[in-house]
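**Q** Next up, data-v2.cif (mmCIF, C-alpha atoms and all ligand atoms).
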data_coords
loop_
_atom_site.label_atom_id
_atom_site.label_comp_id
_atom_site.auth_asym_id
_atom_site.auth_seq_id
_atom_site.Cartn_x
_atom_site.Cartn_y
_atom_site.Cartn_z
CA MET A 27 81.48 -27.25 -14.78
CA GLU A 28 80.35 -23.82 -13.54
CA ASP A 29 83.19 -23.93 -11.01
CA ASN A 30 85.58 -24.61 -13.85
CA LYS A 31 84.27 -21.67 -15.86
CA ALA A 32 84.53 -19.36 -12.88
CA LEU A 33 88.10 -20.52 -12.34
CA LEU A 34 89.05 -19.90 -15.97
CA ILE A 35 87.55 -16.43 -15.87
CA GLU A 36 89.43 -15.76 -12.66
CA VAL A 37 92.71 -16.94 -14.22
CA PHE A 38 92.52 -15.38 -17.64
CA GLY A 39 89.66 -12.90 -17.66
CA GLU A 40 86.39 -12.97 -19.58
CA SER A 41 87.10 -14.12 -23.13
CA SER A 42 83.53 -14.33 -24.43
CA GLU A 43 81.88 -11.80 -26.72
CA ASP A 44 79.84 -10.53 -23.79
CA GLU A 45 79.59 -6.76 -24.23
CA GLN A 46 78.82 -6.33 -20.54
CA SER A 47 82.16 -7.72 -19.49
CA PRO A 48 83.75 -5.20 -17.13
CA SER A 49 87.21 -6.22 -18.32
CA LYS A 50 86.38 -5.11 -21.90
CA ASN A 51 87.51 -1.53 -21.50
CA GLU A 52 90.56 -2.24 -19.42
CA SER A 53 93.79 -2.03 -21.36
CA PRO A 54 95.81 -5.25 -21.16
CA PRO A 55 98.82 -5.19 -18.84
CA ASN A 56 102.03 -4.10 -20.49
CA HIS A 57 104.25 -7.14 -20.38
CA CYS A 58 107.98 -6.82 -20.28
CA TRP A 59 110.00 -9.02 -22.66
CA GLU A 60 113.65 -9.86 -22.32
CA ARG A 61 115.69 -11.24 -25.21
CA ILE A 62 118.63 -13.38 -24.10
CA GLU A 63 121.24 -11.95 -26.43
CA GLU A 64 123.70 -14.84 -26.28
CA ILE A 65 121.09 -17.33 -27.48
CA GLU A 66 119.11 -16.68 -30.65
CA GLY A 67 115.44 -17.53 -30.14
CA LEU A 68 115.41 -17.44 -26.33
CA TRP A 69 112.95 -14.99 -24.75
CA LEU A 70 111.70 -14.41 -21.24
CA CYS A 71 108.55 -12.66 -20.03
CA ARG A 72 108.94 -12.39 -16.26
CA ASP A 73 105.56 -10.87 -15.46
CA PHE A 74 103.50 -13.20 -17.67
CA LEU A 75 101.14 -14.32 -14.86
CA SER A 76 100.19 -12.19 -11.86
CA PRO A 77 100.39 -13.81 -8.39
CA GLN A 78 96.61 -14.29 -8.48
CA GLN A 79 96.75 -15.92 -11.92
CA GLN A 80 99.54 -18.18 -10.70
CA SER A 81 97.56 -19.45 -7.74
CA SER A 82 94.47 -19.97 -9.90
CA LEU A 83 96.56 -21.95 -12.39
CA ILE A 84 97.97 -24.08 -9.56
CA SER A 85 94.37 -24.72 -8.40
CA ALA A 86 93.32 -25.75 -11.92
CA ILE A 87 96.27 -28.19 -12.05
CA GLN A 88 95.39 -29.55 -8.60
CA GLU A 89 91.80 -30.07 -9.71
CA GLU A 90 93.10 -32.48 -12.36
CA ARG A 91 94.20 -34.73 -9.45
CA TRP A 92 97.30 -35.87 -11.36
CA PHE A 93 99.62 -35.61 -8.38
CA THR A 94 97.65 -37.20 -5.57
CA GLU A 95 100.44 -39.70 -4.81
CA ALA A 96 103.84 -38.45 -3.74
CA SER A 97 105.55 -40.63 -6.37
CA HIS A 98 103.73 -38.85 -9.22
CA ASN A 99 105.70 -35.89 -10.48
CA GLN A 100 104.87 -35.63 -14.18
CA ALA A 101 101.67 -35.56 -16.23
CA MET A 102 101.47 -35.46 -20.02
CA ARG A 103 98.57 -34.76 -22.32
CA PHE A 104 98.45 -35.03 -26.10
CA GLY A 105 95.85 -33.67 -28.51
CA ASP A 106 92.86 -32.34 -26.61
CA LEU A 107 94.29 -30.23 -23.83
CA PRO A 108 92.35 -29.28 -20.69
CA ALA A 109 90.44 -26.00 -20.98
CA TRP A 110 92.89 -24.18 -18.70
CA ALA A 111 95.81 -25.20 -20.95
CA ILE A 112 93.94 -23.97 -24.05
CA GLU A 113 93.39 -20.66 -22.26
CA LEU A 114 97.05 -20.59 -21.28
CA SER A 115 98.04 -21.08 -24.96
CA ALA A 116 95.70 -18.24 -25.94
CA SER A 117 97.32 -16.00 -23.32
CA ILE A 118 100.78 -16.85 -24.70
CA HIS A 119 99.59 -15.95 -28.20
CA GLU A 120 98.24 -12.67 -26.89
CA VAL A 121 101.26 -11.72 -24.84
CA VAL A 122 103.50 -12.25 -27.89
CA LEU A 123 101.15 -10.19 -30.05
CA SER A 124 101.08 -7.42 -27.48
CA SER A 125 104.87 -7.18 -27.45
CA ASN A 126 106.48 -4.34 -29.31
CA TYR A 127 108.29 -6.74 -31.59
CA ALA A 128 107.27 -7.44 -35.17
CA VAL A 129 105.13 -10.56 -35.30
CA ASP A 130 103.60 -10.48 -38.74
CA ASP A 131 106.00 -8.82 -41.13
CA GLY A 132 109.73 -9.02 -42.03
CA LYS A 133 111.13 -12.30 -40.73
CA ASP A 134 114.54 -10.82 -40.00
CA GLU A 135 113.45 -8.82 -36.97
CA PRO A 136 113.88 -10.74 -33.73
CA CYS A 137 110.56 -11.42 -32.01
CA PRO A 138 109.56 -13.65 -29.09
CA PHE A 139 107.89 -16.25 -31.33
CA PRO A 140 108.37 -16.22 -35.12
CA PRO A 141 105.11 -15.52 -37.03
CA ASP A 142 104.97 -18.95 -38.70
CA LEU A 143 104.95 -20.56 -35.26
CA LEU A 144 102.69 -18.00 -33.63
CA TRP A 145 99.95 -18.40 -36.23
CA ARG A 146 99.99 -22.20 -36.55
CA GLU A 147 96.85 -24.09 -35.54
CA PRO A 148 96.79 -25.20 -32.87
CA LEU A 149 99.60 -23.27 -31.29
CA PHE A 150 100.28 -26.20 -28.94
CA ASP A 151 98.81 -29.68 -28.66
CA GLN A 152 101.04 -31.29 -26.08
CA LEU A 153 101.33 -30.49 -22.42
CA ILE A 154 103.65 -31.59 -19.64
CA VAL A 155 103.25 -30.56 -16.04
CA ASN A 156 106.36 -31.27 -13.96
CA VAL A 157 106.38 -31.07 -10.19
CA TYR A 158 109.79 -30.83 -8.56
CA HIS A 159 110.53 -31.21 -4.85
CA PRO A 160 113.43 -29.21 -3.41
CA GLY A 161 116.67 -30.65 -4.79
CA GLU A 162 114.98 -32.14 -7.87
CA GLY A 163 115.55 -30.78 -11.36
CA ILE A 164 115.94 -31.89 -14.95
CA CYS A 165 119.14 -33.01 -16.73
CA ALA A 166 120.60 -31.14 -19.69
CA HIS A 167 118.61 -32.01 -22.82
CA VAL A 168 117.30 -30.82 -26.15
CA ASP A 169 113.57 -31.54 -26.40
CA LEU A 170 112.78 -34.54 -28.62
CA MET A 171 112.61 -34.04 -32.38
CA ARG A 172 109.08 -35.47 -32.36
CA PHE A 173 108.08 -31.97 -31.28
CA GLU A 174 108.08 -29.03 -33.65
CA ASP A 175 110.02 -25.83 -33.15
CA GLY A 176 108.53 -23.36 -30.66
CA ILE A 177 108.32 -24.42 -27.02
CA ALA A 178 106.81 -22.53 -24.07
CA ILE A 179 107.56 -23.08 -20.38
CA VAL A 180 105.56 -21.42 -17.60
CA SER A 181 107.18 -21.46 -14.12
CA LEU A 182 105.19 -21.63 -10.91
CA GLU A 183 106.06 -21.61 -7.19
CA SER A 184 109.80 -21.80 -6.43
CA SER A 185 112.23 -19.65 -8.39
CA CYS A 186 115.10 -21.51 -10.03
CA VAL A 187 118.01 -21.07 -12.38
CA MET A 188 117.81 -22.81 -15.75
CA HIS A 189 121.17 -23.23 -17.47
CA PHE A 190 121.66 -23.33 -21.22
CA SER A 191 124.71 -25.00 -22.77
CA SER A 192 125.63 -25.19 -26.43
CA VAL A 193 125.13 -28.61 -28.06
CA GLU A 194 128.41 -28.05 -29.90
CA GLY A 195 130.51 -27.19 -26.85
CA THR A 196 133.34 -29.52 -25.87
CA ILE A 197 133.08 -31.07 -22.41
CA SER A 198 135.85 -28.85 -21.04
CA ASP A 199 134.25 -25.55 -22.05
CA VAL A 200 130.60 -26.46 -21.37
CA GLU A 201 130.63 -25.70 -17.63
CA SER A 202 132.22 -22.28 -17.99
CA ASN A 203 130.04 -21.30 -20.96
CA LYS A 204 126.68 -22.13 -19.45
CA ILE A 205 124.18 -19.29 -19.66
CA PRO A 206 122.04 -18.97 -16.50
CA ILE A 207 118.44 -17.74 -16.71
CA HIS A 208 116.54 -16.84 -13.55
CA LEU A 209 113.00 -18.20 -13.71
CA THR A 210 110.78 -16.43 -11.22
CA PRO A 211 107.21 -17.59 -10.48
CA GLY A 212 104.80 -16.57 -13.21
CA SER A 213 107.51 -16.21 -15.84
CA LEU A 214 107.22 -17.50 -19.39
CA VAL A 215 110.15 -18.81 -21.44
CA LEU A 216 109.87 -19.16 -25.21
CA MET A 217 112.40 -21.18 -27.19
CA SER A 218 112.62 -21.33 -30.94
CA GLY A 219 115.34 -21.79 -33.57
CA GLU A 220 118.80 -22.07 -32.06
CA ALA A 221 117.51 -21.94 -28.48
CA ARG A 222 115.36 -25.00 -29.23
CA TYR A 223 117.79 -27.01 -31.41
CA ALA A 224 121.35 -25.85 -30.74
CA TRP A 225 121.23 -25.39 -26.96
CA LYS A 226 120.50 -27.82 -24.14
CA HIS A 227 118.59 -26.66 -21.10
CA GLU A 228 118.75 -28.03 -17.56
CA ILE A 229 117.77 -27.25 -13.99
CA ASN A 230 120.27 -28.59 -11.49
CA ARG A 231 118.83 -28.14 -8.01
CA ARG A 232 121.56 -29.99 -6.16
CA PRO A 233 123.30 -27.89 -3.51
CA GLY A 234 125.60 -25.26 -4.98
CA PHE A 235 124.04 -25.02 -8.45
CA GLN A 236 121.13 -22.67 -7.79
CA LYS A 237 122.90 -19.38 -7.26
CA TRP A 238 121.58 -16.06 -8.46
CA GLU A 239 123.41 -12.79 -7.86
CA GLY A 240 125.75 -14.57 -5.47
CA GLN A 241 122.95 -15.98 -3.29
CA GLU A 242 121.82 -19.59 -3.13
CA ILE A 243 118.10 -19.67 -4.01
CA HIS A 244 115.89 -21.00 -1.23
CA GLN A 245 114.23 -23.98 -2.84
CA ARG A 246 110.59 -24.86 -2.48
CA MET A 247 108.31 -27.05 -4.56
CA ARG A 248 108.36 -25.98 -8.17
CA THR A 249 105.76 -26.68 -10.84
CA SER A 250 106.24 -26.02 -14.53
CA VAL A 251 103.92 -26.23 -17.49
CA THR A 252 105.56 -26.99 -20.85
CA LEU A 253 103.58 -26.56 -24.06
CA ARG A 254 104.73 -27.94 -27.41
CA LYS A 255 103.36 -29.05 -30.75
CA LEU A 256 103.76 -32.58 -32.06
CA ARG A 257 105.43 -32.92 -35.45
CA GLN A 258 103.07 -34.28 -38.10
CA VAL A 259 104.21 -37.57 -39.62
CA ASP A 260 102.75 -38.40 -43.01
O1 LIG A 301 110.55 -27.68 -15.74
C1 LIG A 301 111.02 -26.94 -16.59
O2 LIG A 301 111.07 -25.73 -16.46
C2 LIG A 301 111.59 -27.54 -17.86
C3 LIG A 301 110.87 -28.73 -18.37
C4 LIG A 301 111.50 -29.26 -19.63
O3 LIG A 301 112.50 -28.79 -20.08
C5 LIG A 301 110.86 -30.36 -20.36
O4 LIG A 301 109.87 -30.94 -19.88
O5 LIG A 301 111.36 -30.70 -21.46
FE FE A 302 112.89 -29.39 -22.08
#
Would you write the structure of this file as structure tokens?
**A**
Amino acid sequence: MEDNKALLIEVFGESSEDEQSPSKNESPPNHCWERIEEIEGLWLCRDFLSPQQQSSLISAIQEERWFTEASHNQAMRFGDLPAWAIELSASIHEVVLSSNYAVDDGKDEPCPFPPDLLWREPLFDQLIVNVYHPGEGICAHVDLMRFEDGIAIVSLESSCVMHFSSVEGTISDVESNKIPIHLTPGSLVLMSGEARYAWKHEINRRPGFQKWEGQEIHQRMRTSVTLRKLRQVD
């Protein structure tokens, strides 16, 4: 338990009310947000987790012992998320708030996560951790409608290119109109609105599909953490 607490503090800093906390007076890092102009509602924060935070997050995932057998490559949790995932959600909330974009007034201004999603409780209650070996990816899809709007993906380990394609596109124009997004380790993707409903996303790691700036990306293991909120059915 103490180990767990120490790990959380190492990953996300001291979040208690402790006045003695040395991190209290440090100003939070200034995160850099990128809006993907072609796709409404798609935002990228490349420097979301520092290298040290990334390795601590990987350790926290490993401590869950979900992937002890080589055949296991996906773990899902609903409802009560592990403490590290709750902290990760809180960090996402904070990094959106700390952006220079409007998050609590006029709805017309673009911002990384619309206020109605940012302030919902809980922000996320469903978690997927995907582990991909080199060459493995995920087919083009729109996330299931059983999940609400507002999806977060944190990338760890290998870089990759995620492609977005319009749901409406005809088969002949889909390939040429795909929008590539470079996901570096520690980056955070937020999808809402059109990005979540009107665009499919995919990661094709077969040879020839993972090019960035003319270079084929050297593939390693990749881990991703996806956070979503289940739609209420009444
Ligand atoms: O691994 C990723 O980055 C994407 C995962 C994803 O799209 C999903 O689980 O729905
Ligand atoms: Fe997805």
**Q** Tell me which protein, DNA and RNA residues are within 9 Å of His167 of chain A, counting all atoms listed in the file, leaving out same-chain ones fewer than 2 positions away, and put them as a PyMOL selection string.
**A** chain A and resi 164-165+169-170+225-228
**Q** Using only C-alpha atoms, determine which residues lie at most 12 Å from Glu194 of chain A, disregarding the query and same-chain residues fewer than 3 positions distant; provide the list as a PyMOL selection string.
**A** chain A and resi 190-191+197-200+203+220+223-226
**Q** Could you check which of A:Arg257, A:Arg91, A:His189, A:Arg72 is closest to ligand LIG 301 (chain A), using all atoms listed in the file?
**A**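 Nearest to ligand LIG 301 (chain A): A:His189.
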**Q** Neighbours of Leu253 of chain A within 9 Å (only C-alpha atoms; same-chain residues fewer than 3 positions away dropped), as an MDAnalysis selection string?
**A** chainID A and resid 111 115 149:155 176:180
**Q** Ranking A:Ile112, A:Met102, A:Val259, A:Val168 by minimum distance to ligand FE 302 (chain A) and counting all atoms listed in the file, which one comes first?
**A**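 With all atoms listed in the file as the atom set, the closest residue is A:Val168.
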**Q** Could you produce a table of the residues of segment 204-254 of chain A lying within 7 Å of segment 65-68 of chain A, with the nearest pair of atoms per residue and their separation in Å rounded to one decimal, using all atoms listed in the file, ordered by chain and increasing residue number, as a Markdown table?
**A**
| residue | atom | partner | partner_atom | distance |
| --- | --- | --- | --- | --- |
| A:Leu216 | CA | A:Leu68 | CA | 5.9 |
| A:Met217 | CA | A:Leu68 | CA | 4.9 |
| A:Ser218 | CA | A:Gly67 | CA | 4.8 |
| A:Gly219 | CA | A:Gly67 | CA | 5.5 |
| A:Glu220 | CA | A:Glu66 | CA | 5.6 |
| A:Ala221 | CA | A:Gly67 | CA | 5.1 |
**Q** Could you take the residues named above and write them with C-alpha atoms, as an mmCIF file, in the frame of the given file?
**A**
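Contents of again30.cif, as written:
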data_model
loop_
_atom_site.group_PDB
_atom_site.id
_atom_site.type_symbol
_atom_site.label_atom_id
_atom_site.label_comp_id
_atom_site.auth_asym_id
_atom_site.auth_seq_id
_atom_site.Cartn_x
_atom_site.Cartn_y
_atom_site.Cartn_z
ATOM 1 C CA LEU A 216 109.870 -19.160 -25.210
ATOM 2 C CA MET A 217 112.400 -21.180 -27.190
ATOM 3 C CA SER A 218 112.620 -21.330 -30.940
ATOM 4 C CA GLY A 219 115.340 -21.790 -33.570
ATOM 5 C CA GLU A 220 118.800 -22.070 -32.060
ATOM 6 C CA ALA A 221 117.510 -21.940 -28.480
#
**Q** Hey, can you check how far atom CA of Ile229 of chain A sits from atom CA of Glu201 of chain A?
**A**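 Atom-to-atom, atom CA of Ile229 of chain A and atom CA of Glu201 of chain A are spaced 13.5 Å apart.
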**Q** Could you please determine the separation between atom CA of Asn99 of chain A and atom CA of Gly212 of chain A in Å, to one decimal place?
**A**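 It comes out at 19.5 Å.
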**Q** Quick one: pull the distance between atom CA of Ser213 of chain A and atom CA of Ser181 of chain A, Å, one decimal.
**A**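 Taking atom CA of Ser213 of chain A as the start and atom CA of Ser181 of chain A as the end point, the length is 5.5 Å.
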